[in-house]
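First up is the structure itself, then whatever we jot down about it.
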Amino acid sequence: MKILILPDPAAAVARCVEIIAQTLNEKPQAVLGLATGGTMEPVYARLVERARAGEVAVDRMTSFNLDEYVGLPPEHSQSYHSYMRERLFGPLGLDPSRTHLPRGDAPDPAAEAARYDAAIAQAGGIDLQLLGIGGNGHIGFNEPSSSLASPTRVKTLTRATREANARFFGPDETVPRFAITMGIATILRSRHAVLLATGTKKATAVAAMAEGPLGARCPASALQMHPRATIVLDAEAAADLELRQYYETAHPEGQEVTLG
Ligand code: GLP
C-alpha cells in the first residue's frame with residue numbers, strides 16, 4: 001500500500017484528482033471505477049473544473065460505479081444514478097453509453113449483479129478504481145463479514161451504514177435495506193485502487209484497513225492484497241496510524257520521491 005498523507009481535506013482531494021487526471025492523460029480510453037458518498041463530492045467538482053480548463057481528457061473514458069441501492073430506479077433523487085448524473089456525467093457531458101451503474105430496479109437483482117461483473121470484464125477490466133471507506137470499514141457496500149473473494153452481488157446494509165446515509169434522504173424516506181455492490185474480488189481485479197478518506201470519523205477504519213489484520217471484519221483490509229493500492233488521506237483520517245511517521249518519510253506531503 002502506498003499511503004499519502006496530506007495536510008487537509010482540500011489537499012487530499014486535489015492529490016486524488018491528480019492521480020485520476022494522470023491516468024486519463026496517459027490512457028484517455030481508461031476504464032474508471034467510480035464511487036459515491038460525501039467524500040467524493042469535492043473530487044468530482046474538481047475533476048469537472050480541471051476538465052473544463054482542458055487539463056484532463058474525459059470524452060473517451062468509460063466508467064463503472066461501485067454500487068446502487070436495490071429498489072431505486074435511475075431517476076430517483078437518491079439513487080447513485082442521480083448522484084453521478086448531477087455531479088459528474090452531466091457537467092462533463094459524457095455519452096451515457098459509456099457510463100455504467102448496476103440497475104437498482106432490475107427485476108432480478110442477482111442476475112443484474114452477475115451481468116455487471118461480465119460487463120466490466122468485457123470492457124477490459126478497470127484501470128483505476130476510486131474508493132471511499134465507510135466508518136465500519138466497508139468499501140462499495142461490502143459490509144463487515146463480506147467474503148474477500150466476493151463477486152458483484154446483493155448485500156444487506158448494516159444499521160450503521162443506513163444511519164450514516166440517512167442524511168442524504170428526506171425525513172419521510174427510508175434508506176433502502178439492500179444494495180448491489182461490486183464484490184471484493186471485483187475491486188481487487190482493478191489495475192490500480194485509489195482510496196480517499198478524510199475527517200476524524202474515518203480514522204479508526206483507516207487504521208484497521210492499513211495496519212489491522214486482513215479479514216472480513218474490515219473489508220477494506222482486503223486492499224492489503226492489492227498489488228497497487230494508493231491510500232490518500234488528510235491528517236485527521238490518518239490520526240490513528242501507528243506507522244504514520246514512516247509513511248510521511250516515504251512520501252513527504254503525500255508526494256512521490258524520486259530514488260537516488
Ligand atoms: C457509502 C458508499 C461507499 C462510500 C461510503 C462512505 O455508503 N457505498 O462507496 O465510500 O459509504 O461515504 P461517505 O464518503 O459519505 O462517508
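If you're wondering about the labels, chains in the C-alpha cells are A, B, ... by order shown, residues count from 1 in each chain, ligands from 1 in order shown.
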| task | Pick out the residues no farther than 7 Å from ligand 1, counting only C-alpha atoms and all ligand atoms, and list them as a count of residues only. | result | 17
| task | Extract, using only C-alpha atoms, all DNA, RNA and protein residues at most 9 Å from stretch 194-199 of chain A, discarding same-chain residues fewer than 6 positions from it, and format them as a PyMOL selection string. | result | chain A and resi 8-9+12-13+16+19-20+39-40+128-133+206+228-238
Mind writing the picked residues with N, CA, C and O atoms as a short mmCIF file (atom, residue, chain, number, x, y, z; two decimals), in the first residue's frame?
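Generated output (part01.cif):
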```cif
data_model
loop_
_atom_site.label_atom_id
_atom_site.label_comp_id
_atom_site.auth_asym_id
_atom_site.auth_seq_id
_atom_site.Cartn_x
_atom_site.Cartn_y
_atom_site.Cartn_z
N ASP A 8 -4.66 18.66 4.71
CA ASP A 8 -6.09 18.94 4.94
C ASP A 8 -6.94 18.30 3.84
O ASP A 8 -6.40 17.81 2.85
N PRO A 9 -8.27 18.32 3.99
CA PRO A 9 -9.14 17.64 3.01
C PRO A 9 -8.97 18.19 1.59
O PRO A 9 -8.94 17.41 0.63
N ALA A 12 -5.95 16.70 0.04
CA ALA A 12 -6.15 15.26 -0.22
C ALA A 12 -7.00 15.09 -1.48
O ALA A 12 -6.71 14.24 -2.34
N VAL A 13 -8.05 15.89 -1.60
CA VAL A 13 -8.92 15.82 -2.79
C VAL A 13 -8.11 16.16 -4.04
O VAL A 13 -8.17 15.46 -5.05
N CYS A 16 -5.88 13.32 -5.03
CA CYS A 16 -6.66 12.22 -5.60
C CYS A 16 -7.04 12.55 -7.05
O CYS A 16 -6.92 11.70 -7.94
N ILE A 19 -4.20 12.08 -9.44
CA ILE A 19 -3.97 10.67 -9.82
C ILE A 19 -4.96 10.27 -10.93
O ILE A 19 -4.59 9.62 -11.91
N ILE A 20 -6.20 10.69 -10.80
CA ILE A 20 -7.21 10.37 -11.83
C ILE A 20 -6.81 11.03 -13.15
O ILE A 20 -6.84 10.41 -14.22
N THR A 39 -17.57 12.06 0.55
CA THR A 39 -16.14 12.24 0.30
C THR A 39 -15.85 12.53 -1.17
O THR A 39 -14.91 13.26 -1.50
N MET A 40 -16.65 11.95 -2.06
CA MET A 40 -16.37 12.08 -3.49
C MET A 40 -16.92 13.36 -4.10
O MET A 40 -16.55 13.72 -5.22
N LEU A 128 -8.54 2.13 -13.12
CA LEU A 128 -8.40 2.84 -11.84
C LEU A 128 -9.71 2.75 -11.08
O LEU A 128 -10.75 3.19 -11.60
N GLN A 129 -9.68 2.16 -9.92
CA GLN A 129 -10.88 2.04 -9.09
C GLN A 129 -10.80 3.06 -7.96
O GLN A 129 -9.92 2.98 -7.10
N LEU A 130 -11.71 4.00 -7.97
CA LEU A 130 -11.79 5.01 -6.93
C LEU A 130 -12.65 4.45 -5.79
O LEU A 130 -13.70 3.86 -6.03
N LEU A 131 -12.22 4.66 -4.55
CA LEU A 131 -12.95 4.12 -3.39
C LEU A 131 -13.02 5.14 -2.27
O LEU A 131 -12.05 5.88 -2.03
N GLY A 132 -14.13 5.11 -1.53
CA GLY A 132 -14.21 5.77 -0.24
C GLY A 132 -14.20 4.65 0.79
O GLY A 132 -14.01 3.48 0.45
N ILE A 133 -14.41 4.98 2.04
CA ILE A 133 -14.47 3.92 3.08
C ILE A 133 -15.58 4.27 4.06
O ILE A 133 -15.75 5.45 4.43
N VAL A 206 -9.60 3.57 8.83
CA VAL A 206 -8.37 3.68 8.04
C VAL A 206 -7.24 2.88 8.69
O VAL A 206 -6.51 2.15 8.02
N ARG A 228 -1.49 -2.91 -6.32
CA ARG A 228 -1.24 -1.46 -6.46
C ARG A 228 -2.38 -0.66 -5.83
O ARG A 228 -3.35 -0.29 -6.51
N ALA A 229 -2.27 -0.43 -4.54
CA ALA A 229 -3.31 0.35 -3.85
C ALA A 229 -2.67 1.64 -3.34
O ALA A 229 -1.61 1.61 -2.73
N THR A 230 -3.34 2.76 -3.61
CA THR A 230 -2.87 4.06 -3.13
C THR A 230 -3.94 4.59 -2.18
O THR A 230 -5.12 4.65 -2.56
N ILE A 231 -3.53 4.95 -0.98
CA ILE A 231 -4.48 5.45 0.02
C ILE A 231 -4.17 6.94 0.23
O ILE A 231 -3.06 7.28 0.62
N VAL A 232 -5.15 7.79 -0.07
CA VAL A 232 -4.94 9.23 0.06
C VAL A 232 -5.74 9.72 1.27
O VAL A 232 -6.96 9.53 1.34
N LEU A 233 -5.04 10.34 2.21
CA LEU A 233 -5.67 10.72 3.48
C LEU A 233 -5.39 12.17 3.82
O LEU A 233 -4.35 12.72 3.43
N ASP A 234 -6.30 12.76 4.61
CA ASP A 234 -5.94 14.04 5.22
C ASP A 234 -5.43 13.72 6.63
O ASP A 234 -5.48 12.56 7.07
N ALA A 235 -4.92 14.72 7.33
CA ALA A 235 -4.28 14.48 8.63
C ALA A 235 -5.26 13.83 9.62
O ALA A 235 -4.87 12.94 10.38
N GLU A 236 -6.52 14.24 9.58
CA GLU A 236 -7.49 13.68 10.55
C GLU A 236 -7.75 12.20 10.30
O GLU A 236 -7.81 11.41 11.24
N ALA A 237 -7.91 11.82 9.07
CA ALA A 237 -8.18 10.41 8.75
C ALA A 237 -6.94 9.55 9.04
O ALA A 237 -7.05 8.34 9.26
N ALA A 238 -5.76 10.17 9.05
CA ALA A 238 -4.50 9.44 9.28
C ALA A 238 -4.16 9.36 10.77
O ALA A 238 -3.16 8.72 11.15
#
```
| Which one is closest to A:Tyr247: A:Ala30, A:Glu211, A:Val154, A:Arg217? Count only C-alpha atoms. |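 The closest residue to A:Tyr247 is A:Glu211.
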Each residue of stretch 7-62 of chain A lying at most 10 Å from stretch 172-190 of chain A should get a row with its shortest atom-to-atom pair and the distance in Å to one decimal, counting only C-alpha atoms; could you produce that, ordered by chain and increasing number, as CSV?
```
residue,atom,partner,partner_atom,distance
A:Val31,CA,A:Ser190,CA,9.6
A:Leu32,CA,A:Ser190,CA,9.2
A:Gly33,CA,A:Ser190,CA,8.2
```
| query | What does the distance between atom CA of A:Pro219 and atom CA of A:Lys155 come to in Å, to one decimal place? | reply | 13.0 Å
| request: Please give the complete set of residues from stretch 83-200 of chain A that DSSP, run on the backbone, assigns to helix (DSSP H, G or I), formatted as an NGL selection string. | output: :A and (83-92 or 96-98 or 109-122 or 159-168 or 184-188 or 200)
| query | Excluding same-chain residues fewer than 6 positions from A:Gln255, what lies within 10 Å of it counting only C-alpha atoms, as a list of chain:residue names? | reply | A:Ile3, A:Leu4, A:Ile5, A:Leu6, A:Arg15, A:Glu248
| field | Nearest candidate to A:Lys202 (options A:Val43, A:Leu223, A:Leu241, A:Leu94; using only C-alpha atoms) | value |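 Using only C-alpha atoms, A:Lys202 sits closest to A:Leu241.
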Run DSSP on the backbone and give me the residues of stretch 190-243 of chain A it puts in strand (DSSP E or B), as a PDB file with N, CA and C atoms, in the first residue's frame.
```pdb
ATOM      1  N   ALA A 193      -6.027   0.680  -7.394  1.00  0.00           N
ATOM      2  CA  ALA A 193      -7.122   1.070  -6.494  1.00  0.00           C
ATOM      3  C   ALA A 193      -6.676   2.320  -5.736  1.00  0.00           C
ATOM      4  N   VAL A 194      -7.528   3.339  -5.754  1.00  0.00           N
ATOM      5  CA  VAL A 194      -7.199   4.597  -5.071  1.00  0.00           C
ATOM      6  C   VAL A 194      -8.309   4.891  -4.070  1.00  0.00           C
ATOM      7  N   LEU A 195      -7.976   4.843  -2.793  1.00  0.00           N
ATOM      8  CA  LEU A 195      -8.980   5.087  -1.749  1.00  0.00           C
ATOM      9  C   LEU A 195      -8.716   6.448  -1.124  1.00  0.00           C
ATOM     10  N   LEU A 196      -9.776   7.241  -1.039  1.00  0.00           N
ATOM     11  CA  LEU A 196      -9.680   8.569  -0.417  1.00  0.00           C
ATOM     12  C   LEU A 196     -10.493   8.571   0.872  1.00  0.00           C
ATOM     13  N   ALA A 197      -9.881   9.034   1.973  1.00  0.00           N
ATOM     14  CA  ALA A 197     -10.613   9.183   3.236  1.00  0.00           C
ATOM     15  C   ALA A 197     -10.210  10.493   3.890  1.00  0.00           C
ATOM     16  N   ALA A 229      -2.275  -0.433  -4.544  1.00  0.00           N
ATOM     17  CA  ALA A 229      -3.305   0.351  -3.847  1.00  0.00           C
ATOM     18  C   ALA A 229      -2.669   1.637  -3.340  1.00  0.00           C
ATOM     19  N   THR A 230      -3.337   2.758  -3.613  1.00  0.00           N
ATOM     20  CA  THR A 230      -2.870   4.062  -3.128  1.00  0.00           C
ATOM     21  C   THR A 230      -3.944   4.595  -2.183  1.00  0.00           C
ATOM     22  N   ILE A 231      -3.532   4.951  -0.979  1.00  0.00           N
ATOM     23  CA  ILE A 231      -4.475   5.450   0.023  1.00  0.00           C
ATOM     24  C   ILE A 231      -4.173   6.936   0.226  1.00  0.00           C
ATOM     25  N   VAL A 232      -5.153   7.787  -0.067  1.00  0.00           N
ATOM     26  CA  VAL A 232      -4.944   9.233   0.056  1.00  0.00           C
ATOM     27  C   VAL A 232      -5.737   9.723   1.265  1.00  0.00           C
ATOM     28  N   LEU A 233      -5.042  10.337   2.213  1.00  0.00           N
ATOM     29  CA  LEU A 233      -5.665  10.719   3.484  1.00  0.00           C
ATOM     30  C   LEU A 233      -5.394  12.174   3.819  1.00  0.00           C
ATOM     31  N   ASP A 234      -6.298  12.761   4.606  1.00  0.00           N
ATOM     32  CA  ASP A 234      -5.943  14.043   5.219  1.00  0.00           C
ATOM     33  C   ASP A 234      -5.428  13.720   6.634  1.00  0.00           C
TER      34      ASP A 234
END
```
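Counting only C-alpha atoms, the residue from A:Glu55, A:Ala250, A:Met225, A:Gly125 that sits nearest to A:Pro213 is A:Met225.
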